[in-house]
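With compact mmCIF, C-alpha atoms inside, this is coords_39.txt:
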# COMPACT_ATOMS: atom_id res chain seq x y z
CA MET A 1 108.23 29.40 28.68
CA ALA A 2 110.47 30.55 25.85
CA THR A 3 113.63 28.52 25.46
CA GLU A 4 115.50 30.59 22.82
CA ILE A 5 116.32 33.86 24.54
CA ASP A 6 118.78 36.58 23.63
CA SER A 7 120.55 36.61 26.98
CA ALA A 8 122.18 40.00 26.40
CA ALA A 9 118.85 41.60 25.54
CA LEU A 10 117.25 39.91 28.54
CA ASP A 11 119.95 41.24 30.86
CA ARG A 12 119.45 44.74 29.50
CA MET A 13 115.68 44.47 30.04
CA ILE A 14 116.15 43.26 33.61
CA GLY A 15 118.69 45.98 34.30
CA ARG A 16 116.38 48.70 33.05
CA THR A 17 113.50 47.46 35.19
CA ILE A 18 115.64 47.11 38.31
CA GLY A 19 116.96 50.62 37.69
CA ARG A 20 113.44 52.00 37.48
CA ILE A 21 112.48 50.12 40.64
CA GLN A 22 115.47 51.42 42.59
CA SER A 23 114.84 54.99 41.47
CA ARG A 24 111.10 54.62 42.22
CA GLU A 25 110.26 55.49 38.64
CA ALA A 26 108.63 52.07 38.24
CA THR A 27 104.84 52.19 38.45
CA ALA A 28 103.05 49.38 40.27
CA ALA A 29 99.52 48.30 39.42
CA VAL A 30 97.61 46.52 42.19
CA ILE A 31 94.62 44.53 40.95
CA GLY A 32 91.99 43.79 43.59
CA LEU A 33 91.60 46.52 46.20
CA GLY A 34 90.20 44.50 49.06
CA TYR A 35 91.65 43.33 52.36
CA VAL A 36 94.96 42.40 50.67
CA GLY A 37 95.31 44.80 47.77
CA LEU A 38 94.39 48.03 49.53
CA PRO A 39 96.95 47.70 52.36
CA LEU A 40 99.54 46.74 49.75
CA ALA A 41 98.75 49.84 47.67
CA ILE A 42 99.19 52.02 50.76
CA ALA A 43 102.52 50.35 51.60
CA LEU A 44 103.76 50.82 48.02
CA ILE A 45 102.88 54.52 48.10
CA GLU A 46 104.71 54.86 51.42
CA ALA A 47 107.74 53.19 49.83
CA GLY A 48 107.77 55.83 47.09
CA TYR A 49 106.23 54.00 44.13
CA PRO A 50 103.60 55.48 41.81
CA VAL A 51 100.59 53.15 42.09
CA ILE A 52 97.58 52.34 39.93
CA GLY A 53 94.76 50.66 41.84
CA ILE A 54 92.43 48.50 39.76
CA ASP A 55 89.17 46.90 40.86
CA THR A 56 86.08 45.72 39.01
CA ASP A 57 83.83 47.31 41.63
CA PRO A 58 83.47 50.96 40.53
CA GLU A 59 82.63 52.05 44.08
CA LYS A 60 86.13 51.28 45.31
CA PRO A 61 88.04 53.50 42.87
CA ARG A 62 85.49 56.24 43.41
CA GLN A 63 85.81 56.22 47.20
CA LEU A 64 89.59 55.96 47.08
CA SER A 65 89.81 58.90 44.69
CA GLU A 66 87.77 60.88 47.20
CA GLY A 67 90.12 59.90 50.03
CA ARG A 68 87.60 57.65 51.77
CA SER A 69 88.12 54.15 53.12
CA TYR A 70 85.60 51.32 52.72
CA LEU A 71 87.46 49.05 55.15
CA ARG A 72 86.83 49.97 58.75
CA HIS A 73 90.25 48.93 60.04
CA ILE A 74 91.92 51.28 57.51
CA PRO A 75 91.26 54.93 58.47
CA ASP A 76 90.19 57.61 56.03
CA ALA A 77 93.43 59.44 56.84
CA ALA A 78 95.49 56.66 55.29
CA ILE A 79 93.42 56.79 52.12
CA ALA A 80 93.49 60.59 52.01
CA GLY A 81 97.26 60.48 52.30
CA MET A 82 97.48 58.02 49.43
CA ALA A 83 95.03 59.95 47.25
CA GLY A 84 96.78 63.23 48.00
CA SER A 85 100.26 61.90 47.29
CA GLY A 86 100.01 62.68 43.58
CA ARG A 87 101.26 59.14 42.92
CA PHE A 88 98.01 57.20 43.07
CA ARG A 89 95.09 56.74 40.74
CA ALA A 90 92.28 54.21 40.85
CA THR A 91 90.32 52.75 37.96
CA VAL A 92 88.20 49.81 36.82
CA GLU A 93 90.11 49.52 33.54
CA ALA A 94 92.39 46.48 33.16
CA ALA A 95 94.09 48.28 30.27
CA ALA A 96 95.68 50.65 32.81
CA VAL A 97 98.41 48.03 33.34
CA ALA A 98 99.94 49.35 30.12
CA ASP A 99 101.42 52.11 32.29
CA ALA A 100 102.85 49.70 34.87
CA ASP A 101 106.24 48.09 35.24
CA VAL A 102 104.99 45.74 37.96
CA VAL A 103 101.50 44.23 38.22
CA VAL A 104 100.40 42.57 41.46
CA LEU A 105 97.33 40.33 41.50
CA CYS A 106 95.42 40.33 44.79
CA VAL A 107 92.26 38.61 43.57
CA PRO A 108 90.01 36.07 45.34
CA THR A 109 90.81 32.34 45.25
CA PRO A 110 87.68 30.80 46.79
CA LEU A 111 86.35 27.25 46.75
CA THR A 112 83.41 25.95 44.79
CA ARG A 113 80.48 24.30 46.56
CA GLN A 114 82.28 21.01 45.89
CA ARG A 115 85.35 22.31 47.75
CA GLU A 116 87.44 22.50 44.61
CA PRO A 117 89.71 25.47 43.80
CA ASP A 118 88.00 28.30 41.96
CA LEU A 119 90.75 30.05 40.02
CA SER A 120 88.39 31.91 37.70
CA PHE A 121 89.44 35.28 39.18
CA VAL A 122 93.13 34.56 38.63
CA ARG A 123 92.61 33.26 35.11
CA GLY A 124 90.13 35.96 34.11
CA THR A 125 92.27 38.79 35.45
CA ALA A 126 95.39 37.48 33.75
CA GLU A 127 93.60 37.17 30.41
CA ALA A 128 92.17 40.68 30.78
CA ILE A 129 95.57 42.30 31.34
CA ALA A 130 97.56 40.10 28.92
CA PRO A 131 97.02 42.26 25.78
CA HIS A 132 98.15 45.39 27.63
CA LEU A 133 101.33 44.32 29.42
CA ARG A 134 104.40 46.29 28.44
CA PRO A 135 107.64 44.51 27.45
CA GLY A 136 109.66 43.50 30.51
CA ALA A 137 106.72 43.74 32.91
CA LEU A 138 106.84 41.80 36.18
CA VAL A 139 103.57 40.10 37.19
CA VAL A 140 103.31 38.92 40.81
CA LEU A 141 100.53 36.74 42.18
CA GLU A 142 99.83 37.24 45.90
CA SER A 143 96.59 35.26 46.14
CA THR A 144 96.87 32.00 48.09
CA THR A 145 96.68 28.88 45.96
CA TYR A 146 98.07 25.38 45.43
CA PRO A 147 101.67 24.65 44.33
CA GLY A 148 101.88 24.90 40.57
CA THR A 149 99.22 27.57 40.00
CA THR A 150 101.63 30.28 38.90
CA GLU A 151 103.15 28.08 36.20
CA GLU A 152 100.12 26.02 35.25
CA VAL A 153 97.34 28.62 35.36
CA LEU A 154 98.72 32.16 35.57
CA ILE A 155 101.41 31.96 32.87
CA PRO A 156 99.21 30.30 30.20
CA ALA A 157 96.57 32.99 30.83
CA LEU A 158 99.16 35.77 30.57
CA GLU A 159 100.53 34.26 27.37
CA THR A 160 97.18 34.71 25.62
CA GLY A 161 98.65 38.17 24.98
CA PRO A 162 101.82 39.04 23.06
CA ARG A 163 104.25 38.55 25.95
CA ARG A 164 106.07 35.31 26.79
CA ALA A 165 107.35 34.38 30.23
CA GLY A 166 111.13 34.25 30.35
CA ARG A 167 111.48 36.32 27.20
CA ASP A 168 109.74 39.65 27.73
CA LEU A 169 107.54 38.88 30.75
CA PHE A 170 108.61 38.00 34.30
CA VAL A 171 106.38 36.15 36.76
CA ALA A 172 106.65 35.50 40.50
CA PHE A 173 104.60 34.37 43.47
CA ALA A 174 104.86 36.32 46.74
CA PRO A 175 102.03 35.33 49.10
CA GLU A 176 100.10 37.90 51.07
CA ARG A 177 100.33 37.61 54.84
CA GLU A 178 97.61 40.04 55.87
CA ASP A 179 96.02 39.93 59.32
CA PRO A 180 93.12 42.41 59.00
CA GLY A 181 92.47 44.53 62.05
CA VAL A 182 95.78 43.70 63.76
CA THR A 183 97.89 46.88 63.83
CA ASP A 184 101.11 45.10 64.83
CA HIS A 185 101.08 43.02 61.63
CA THR A 186 100.62 45.51 58.82
CA THR A 187 101.94 44.88 55.31
CA SER A 188 105.08 46.95 55.78
CA ARG A 189 106.01 45.08 58.97
CA ILE A 190 105.82 41.50 57.70
CA PRO A 191 108.71 39.71 55.93
CA LYS A 192 107.91 38.73 52.36
CA VAL A 193 108.36 35.26 50.86
CA VAL A 194 109.34 35.52 47.19
CA GLY A 195 109.55 32.78 44.58
CA GLY A 196 110.01 33.36 40.86
CA VAL A 197 109.37 31.05 37.94
CA ASP A 198 113.01 31.71 37.02
CA ASP A 199 115.99 33.49 38.55
CA ALA A 200 115.33 36.72 36.66
CA SER A 201 111.75 36.90 37.92
CA ARG A 202 112.86 36.31 41.49
CA ARG A 203 115.53 39.01 41.24
CA LEU A 204 113.00 41.53 39.95
CA ALA A 205 110.39 40.62 42.56
CA MET A 206 112.94 40.93 45.37
CA ALA A 207 114.08 44.32 44.09
CA PHE A 208 110.44 45.45 43.95
CA TYR A 209 109.50 44.37 47.49
CA GLU A 210 112.82 45.26 49.17
CA PRO A 211 111.85 48.88 50.06
CA VAL A 212 108.33 47.86 51.10
CA VAL A 213 108.85 45.14 53.72
CA PRO A 214 111.28 44.63 56.63
CA GLY A 215 112.84 41.50 55.17
CA LEU A 216 112.79 39.21 52.16
CA VAL A 217 112.61 35.42 52.27
CA PRO A 218 113.68 34.14 48.84
CA VAL A 219 112.80 30.53 48.08
CA ALA A 220 113.71 28.18 45.25
CA ASP A 221 110.77 28.86 42.97
CA ALA A 222 107.12 29.88 42.76
CA ARG A 223 105.89 26.40 43.71
CA THR A 224 107.87 26.55 46.95
CA ALA A 225 106.46 29.98 47.77
CA GLU A 226 102.94 28.68 47.11
CA ALA A 227 103.64 25.76 49.47
CA VAL A 228 104.93 28.13 52.17
CA LYS A 229 101.64 30.03 52.33
CA LEU A 230 99.58 26.85 52.43
CA THR A 231 101.78 25.48 55.21
CA GLU A 232 101.26 28.60 57.33
CA ASN A 233 97.49 28.40 57.08
CA ILE A 234 97.22 24.62 57.37
CA PHE A 235 99.25 24.84 60.57
CA ARG A 236 96.62 27.16 62.04
CA ALA A 237 93.68 25.15 60.75
CA VAL A 238 94.97 21.88 62.21
CA ASN A 239 95.80 23.38 65.60
CA ILE A 240 92.45 25.15 65.84
CA ALA A 241 90.77 21.83 65.04
CA LEU A 242 92.75 20.24 67.86
CA VAL A 243 91.59 22.75 70.48
CA ASN A 244 88.04 22.58 69.12
CA GLU A 245 88.09 18.83 69.66
CA LEU A 246 89.62 19.28 73.11
CA LYS A 247 86.83 21.74 73.93
CA VAL A 248 84.20 19.11 73.16
CA VAL A 249 85.99 16.44 75.20
CA PHE A 250 86.78 18.66 78.18
CA ASP A 251 83.26 20.07 78.20
CA ALA A 252 81.92 16.52 78.58
CA MET A 253 84.28 16.09 81.54
CA GLY A 254 83.20 19.35 83.16
CA ILE A 255 86.56 21.02 82.46
CA ASP A 256 86.88 24.58 81.14
CA VAL A 257 89.11 24.40 78.04
CA TRP A 258 89.83 28.13 78.29
CA GLU A 259 91.32 27.71 81.75
CA VAL A 260 93.33 24.75 80.50
CA ILE A 261 94.82 26.82 77.66
CA GLU A 262 95.66 29.75 79.92
CA ALA A 263 97.54 27.43 82.27
CA ALA A 264 99.25 25.48 79.47
CA LYS A 265 100.61 28.60 77.78
CA THR A 266 102.69 29.47 80.86
CA LYS A 267 105.10 26.75 79.70
CA PRO A 268 107.96 28.66 78.02
CA PHE A 269 108.73 25.95 75.45
CA GLY A 270 107.01 23.22 73.47
CA TYR A 271 103.56 24.81 73.51
CA MET A 272 101.82 27.51 71.46
CA PRO A 273 98.29 28.60 72.41
CA PHE A 274 95.44 28.25 69.94
CA TYR A 275 91.86 28.97 70.86
CA PRO A 276 88.57 27.22 70.11
CA GLY A 277 85.62 28.93 68.54
CA PRO A 278 82.35 28.53 66.65
CA GLY A 279 84.11 27.50 63.43
CA LEU A 280 86.66 28.92 61.04
CA GLY A 281 86.20 32.06 58.99
CA GLY A 282 88.07 34.39 56.69
CA HIS A 283 89.62 34.21 53.25
CA CYS A 284 92.45 31.82 54.18
CA ILE A 285 92.17 29.25 56.93
CA PRO A 286 88.81 27.64 56.01
CA ILE A 287 89.79 27.50 52.33
CA ASP A 288 93.51 27.08 51.79
CA PRO A 289 93.92 23.57 53.24
CA PHE A 290 91.48 22.24 50.67
CA TYR A 291 93.60 23.67 47.87
CA LEU A 292 96.35 21.28 48.92
CA THR A 293 94.04 18.29 49.43
CA TRP A 294 92.70 18.84 45.91
CA LYS A 295 96.17 19.10 44.37
CA ALA A 296 97.44 16.09 46.35
CA ARG A 297 94.93 13.85 44.58
CA GLU A 298 96.83 14.51 41.36
CA TYR A 299 99.70 12.61 43.00
CA ASP A 300 97.43 9.82 44.34
CA LEU A 301 97.97 11.03 47.89
CA ALA A 302 95.39 11.42 50.64
CA THR A 303 95.78 14.30 53.08
CA ARG A 304 93.89 12.60 55.90
CA PHE A 305 95.20 14.80 58.69
CA ILE A 306 94.16 18.00 56.90
CA GLU A 307 90.78 16.60 55.92
CA LEU A 308 90.08 15.44 59.49
CA ALA A 309 90.89 18.93 60.78
CA GLY A 310 88.47 20.31 58.20
CA GLU A 311 85.75 17.96 59.40
CA VAL A 312 86.24 19.02 63.03
CA ASN A 313 86.18 22.74 62.26
CA THR A 314 83.26 22.46 59.85
CA ALA A 315 81.21 20.71 62.51
CA MET A 316 81.56 23.50 65.09
CA PRO A 317 78.64 25.71 63.96
CA GLY A 318 76.30 22.73 64.34
CA ARG A 319 77.64 22.04 67.81
CA VAL A 320 77.10 25.68 68.83
CA VAL A 321 73.48 25.48 67.73
CA GLU A 322 73.00 22.28 69.73
CA VAL A 323 74.46 23.88 72.86
CA LEU A 324 72.10 26.82 72.40
CA ALA A 325 69.12 24.50 71.88
CA ARG A 326 69.92 22.53 75.05
CA ALA A 327 70.34 25.73 77.04
CA LEU A 328 66.94 27.00 75.92
CA ASP A 329 65.35 23.68 76.79
CA THR A 330 66.88 23.42 80.27
CA ARG A 331 66.71 27.12 81.21
CA GLN A 332 63.45 28.22 79.59
CA GLY A 333 61.65 24.99 78.71
CA ARG A 334 61.40 25.87 75.05
CA GLY A 335 62.92 24.97 71.70
CA LEU A 336 64.38 27.05 68.91
CA ARG A 337 61.14 27.39 66.97
CA ASP A 338 59.90 31.00 67.19
CA ALA A 339 62.70 31.81 69.66
CA ARG A 340 64.20 35.23 69.09
CA ILE A 341 67.98 34.85 69.02
CA VAL A 342 70.41 37.74 68.89
CA LEU A 343 73.50 36.75 66.94
CA LEU A 344 76.28 38.97 68.25
CA GLY A 345 79.07 39.47 65.73
CA VAL A 346 78.85 38.57 62.04
CA GLY A 347 82.38 39.31 60.83
CA TYR A 348 84.68 36.30 60.79
CA LYS A 349 87.11 37.80 63.30
CA LYS A 350 87.27 40.35 66.07
CA ASN A 351 86.97 44.03 65.09
CA VAL A 352 86.62 43.29 61.35
CA GLY A 353 83.47 43.41 59.21
CA ASP A 354 84.69 40.85 56.67
CA THR A 355 82.04 38.09 56.48
CA ARG A 356 83.85 35.72 54.11
CA GLU A 357 83.39 32.15 55.37
CA SER A 358 82.25 33.51 58.74
CA PRO A 359 80.83 30.78 61.00
CA ALA A 360 78.07 33.24 61.87
CA LEU A 361 76.56 32.63 58.45
CA LYS A 362 76.25 28.87 58.87
CA ILE A 363 75.00 29.28 62.43
CA ALA A 364 72.33 31.73 61.23
CA GLU A 365 71.29 29.34 58.45
CA LEU A 366 70.97 26.48 60.94
CA LEU A 367 68.98 28.58 63.41
CA ILE A 368 66.60 29.88 60.76
CA GLY A 369 66.20 26.35 59.43
CA ARG A 370 65.00 25.28 62.87
CA GLY A 371 62.47 28.08 63.07
CA ALA A 372 64.36 30.66 65.13
CA ARG A 373 63.99 34.38 64.52
CA VAL A 374 67.53 35.73 64.18
CA THR A 375 68.60 39.32 64.82
CA PHE A 376 72.08 40.25 63.57
CA VAL A 377 74.17 42.73 65.57
CA ASP A 378 77.58 43.88 64.35
CA PRO A 379 79.04 47.40 64.64
CA HIS A 380 81.08 46.87 61.46
CA LEU A 381 78.06 46.21 59.23
CA GLU A 382 74.85 48.02 58.38
CA ARG A 383 73.40 45.24 56.25
CA MET A 384 74.38 41.73 55.33
CA PRO A 385 76.56 41.87 52.20
CA THR A 386 76.15 39.79 49.07
CA LEU A 387 76.76 36.19 50.14
CA ARG A 388 77.09 33.78 47.27
CA HIS A 389 76.84 30.66 49.45
CA PHE A 390 74.09 32.10 51.68
CA PRO A 391 71.81 34.00 49.27
CA ASP A 392 68.87 33.96 51.70
CA LEU A 393 70.91 36.07 54.14
CA THR A 394 72.01 38.64 51.56
CA GLY A 395 70.70 42.12 52.27
CA LEU A 396 69.20 41.38 55.69
CA ALA A 397 69.33 44.25 58.16
CA VAL A 398 71.97 44.42 60.88
CA THR A 399 70.52 45.94 64.05
CA PRO A 400 72.46 48.57 66.01
CA TRP A 401 73.33 47.60 69.58
CA ARG A 402 71.17 50.33 71.14
CA GLU A 403 68.07 49.11 69.31
CA VAL A 404 68.18 45.54 70.61
CA PRO A 405 65.57 44.76 73.33
CA PHE A 406 67.84 42.27 75.10
CA GLU A 407 65.30 41.62 77.86
CA GLU A 408 62.79 40.37 75.27
CA VAL A 409 64.99 37.90 73.41
CA ALA A 410 65.32 34.25 74.31
CA ALA A 411 69.11 34.19 74.06
CA VAL A 412 72.15 36.08 72.88
CA LEU A 413 74.76 34.08 71.00
CA ILE A 414 78.25 35.61 70.98
CA VAL A 415 79.87 34.52 67.73
CA THR A 416 82.45 37.29 67.22
CA ASP A 417 83.78 39.17 70.23
CA HIS A 418 84.14 42.71 68.88
CA ASP A 419 85.59 45.26 71.31
CA ASP A 420 82.68 47.63 70.61
CA PHE A 421 80.22 45.40 72.47
CA ASP A 422 79.31 46.34 76.04
CA TYR A 423 79.61 42.98 77.75
CA ALA A 424 78.73 44.33 81.20
CA GLU A 425 75.48 45.76 79.84
CA LEU A 426 74.82 42.46 78.10
CA ALA A 427 75.21 40.60 81.39
CA ARG A 428 72.72 42.95 83.07
CA ARG A 429 70.06 42.78 80.39
CA ALA A 430 70.19 39.40 78.66
CA ARG A 431 68.26 36.41 80.01
CA LEU A 432 70.70 33.91 78.53
CA VAL A 433 74.10 34.32 76.86
CA VAL A 434 75.80 31.53 74.96
CA ASP A 435 79.45 32.52 74.55
CA THR A 436 81.62 30.86 71.89
CA ARG A 437 84.65 33.12 72.49
CA ASN A 438 85.00 33.22 76.29
CA ALA A 439 84.35 36.95 75.95
CA MET A 440 82.28 37.31 79.11
CA ALA A 441 84.88 35.64 81.31
CA ARG A 442 87.65 37.74 79.77
CA HIS A 443 85.68 40.82 80.81
CA GLY A 444 85.41 39.55 84.38
CA ILE A 445 81.78 38.46 84.08
CA ASP A 446 80.93 35.22 85.87
CA THR A 447 77.21 34.50 86.08
CA SER A 448 74.98 31.46 85.75
CA ASP A 449 73.21 33.15 82.83
CA VAL A 450 76.33 32.65 80.67
CA ILE A 451 77.02 29.30 79.05
CA LYS A 452 80.23 28.59 77.16
CA ALA A 453 79.93 26.83 73.81
Go ahead and render the structure in this file as structure tokens.
Amino acid sequence: MATEIDSAALDRMIGRTIGRIQSREATAAVIGLGYVGLPLAIALIEAGYPVIGIDTDPEKPRQLSEGRSYLRHIPDAAIAGMAGSGRFRATVEAAAVADADVVVLCVPTPLTRQREPDLSFVRGTAEAIAPHLRPGALVVLESTTYPGTTEEVLIPALETGPRRAGRDLFVAFAPEREDPGVTDHTTSRIPKVVGGVDDASRRLAMAFYEPVVPGLVPVADARTAEAVKLTENIFRAVNIALVNELKVVFDAMGIDVWEVIEAAKTKPFGYMPFYPGPGLGGHCIPIDPFYLTWKAREYDLATRFIELAGEVNTAMPGRVVEVLARALDTRQGRGLRDARIVLLGVGYKKNVGDTRESPALKIAELLIGRGARVTFVDPHLERMPTLRHFPDLTGLAVTPWREVPFEEVAAVLIVTDHDDFDYAELARRARLVVDTRNAMARHGIDTSDVIKA
């Protein structure tokens, strides 16, 4: 960062930008119009900002310009309202940031096959916009990552252009807290953690988000904000691993872990319910803990607790397949080879079609590897999307519920408990149901043809 700064000129620059933000003259560019960026763009429009939406996929700008949503949990009406506001335009051109006072990066931060951070999207996006940033621009990273990324990766990439952080460029980290498909936790209802690389950046970022969210949580710096987001997701990952392990132990003892949790959560203090499942999915919880374990090695520290939780959760898809195999053997006297299995629910969570890191993918790979014939059923998908870690599944058809001959399949495996499924009909028609979500019991169905996994 620049050390010799004309403080008076800097104050004037900050003042002008804050003035434009407060008057809603400031234009915001949101880069990455997926499950994080699109809700943010809508919230910014609702707060009165002009917004430029940028995405490398040309289909997204096209559909948004036509007032159509490509995310099922976001209705067309919300997109039509944004498109018809006169304050939104969508493009694939990174150079469009030249018209923006604030640029927000909502790009993927996945893991490599070796479970190392893949920051190529952050670095590549920053380098693409660097030549076009206007003087005094604020750049905010919302993508989850390890402490130090904003300063060590984002700023050097931004400084490949003419701007310098702390002199004529301001940089902050304000982690996304999206919960796709949950209407109570939309972007404009969730407090925002904000950390800047310097005081000026934090002030600008807080001024920018203040009209968008119900509350601001300023922290010391960007590294602290990065650590906050990791802590939130590691907390969930570790506790889910705990109940997954308890499920295995209690199952061996003939105890229903779901009943245990329901009883335990009646305690009004000292307990918070988490629920077991077939494995972790989504863009955060299966990935984010490993960002910290990777960074911790730089300090010669081992994150054994986090890594153990990862091992437990990663093992769950294999356990589900074993439960299914045993059920077929004991109930039908057959193995998985040539068995037709209906895999119910492909999205990583209920009522969402997002397949990133979905345990359904690993389960399908394991089943197919053992010779099973897998039929995918998910009302949020028409076809399996491009899956970089599961290329053999890419493009496979997803069968509509009404076209599944349940009576003819060996077993139905409930992986994701979407509300659109007719569980009563499933109980009537299926020969065997292996339920990883306790969905049948929650719908009042108690039959010997249902096995919990």
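Here the question is which of A:Ala130, A:Val197, A:Ala47, A:Ile445 gets nearest to Val213 (chain A) using only C-alpha atoms, and that residue is A:Ala47.
Considering all atoms listed in the file, the residue among A:Arg89, A:His389, A:Lys349, A:Arg203 positioned nearest to Gly15 (chain A) is A:Arg203.
Between Ile18 (chain A) and the candidates A:Ile54, A:Glu152, A:Ala207, A:Ile45, the tightest atom-to-atom separation, counting only C-alpha atoms, involves A:Ala207.
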Name all residues at most 6 Å from Ala372 (chain A) (count only C-alpha atoms; drop same-chain ones fewer than 2 positions away) and give them as a count of residues only.
7
Counting all atoms listed in the file, what are the residues of region 300-367 of chain A within 7 Å of region 269-279 of chain A, and for each of them which pair of atoms is the nearest and at what distance in Å, to one decimal? Sort the table by chain and rising number, as JSON lines.
{"residue": "A:Asn313", "atom": "CA", "partner": "A:Gly279", "partner_atom": "CA", "distance": 5.3}
{"residue": "A:Thr314", "atom": "CA", "partner": "A:Gly279", "partner_atom": "CA", "distance": 6.2}
{"residue": "A:Met316", "atom": "CA", "partner": "A:Gly279", "partner_atom": "CA", "distance": 5.0}
{"residue": "A:Pro317", "atom": "CA", "partner": "A:Pro278", "partner_atom": "CA", "distance": 5.4}
{"residue": "A:Val320", "atom": "CA", "partner": "A:Pro278", "partner_atom": "CA", "distance": 6.4}
{"residue": "A:Pro359", "atom": "CA", "partner": "A:Gly279", "partner_atom": "CA", "distance": 5.2}
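Nearest to Gly335 (chain A) of all the residues A:Ala411, A:Gly347, A:Thr375, A:Val103 is A:Ala411, counting only C-alpha atoms.
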Applying 10 Å and all atoms listed in the file, which residues near region 253-257 of chain A remain after dropping the ones on its own chain fewer than 4 positions away? List them as a PyMOL selection string.
chain A and resi 243-244+246-249+261-263+275-276+438+452
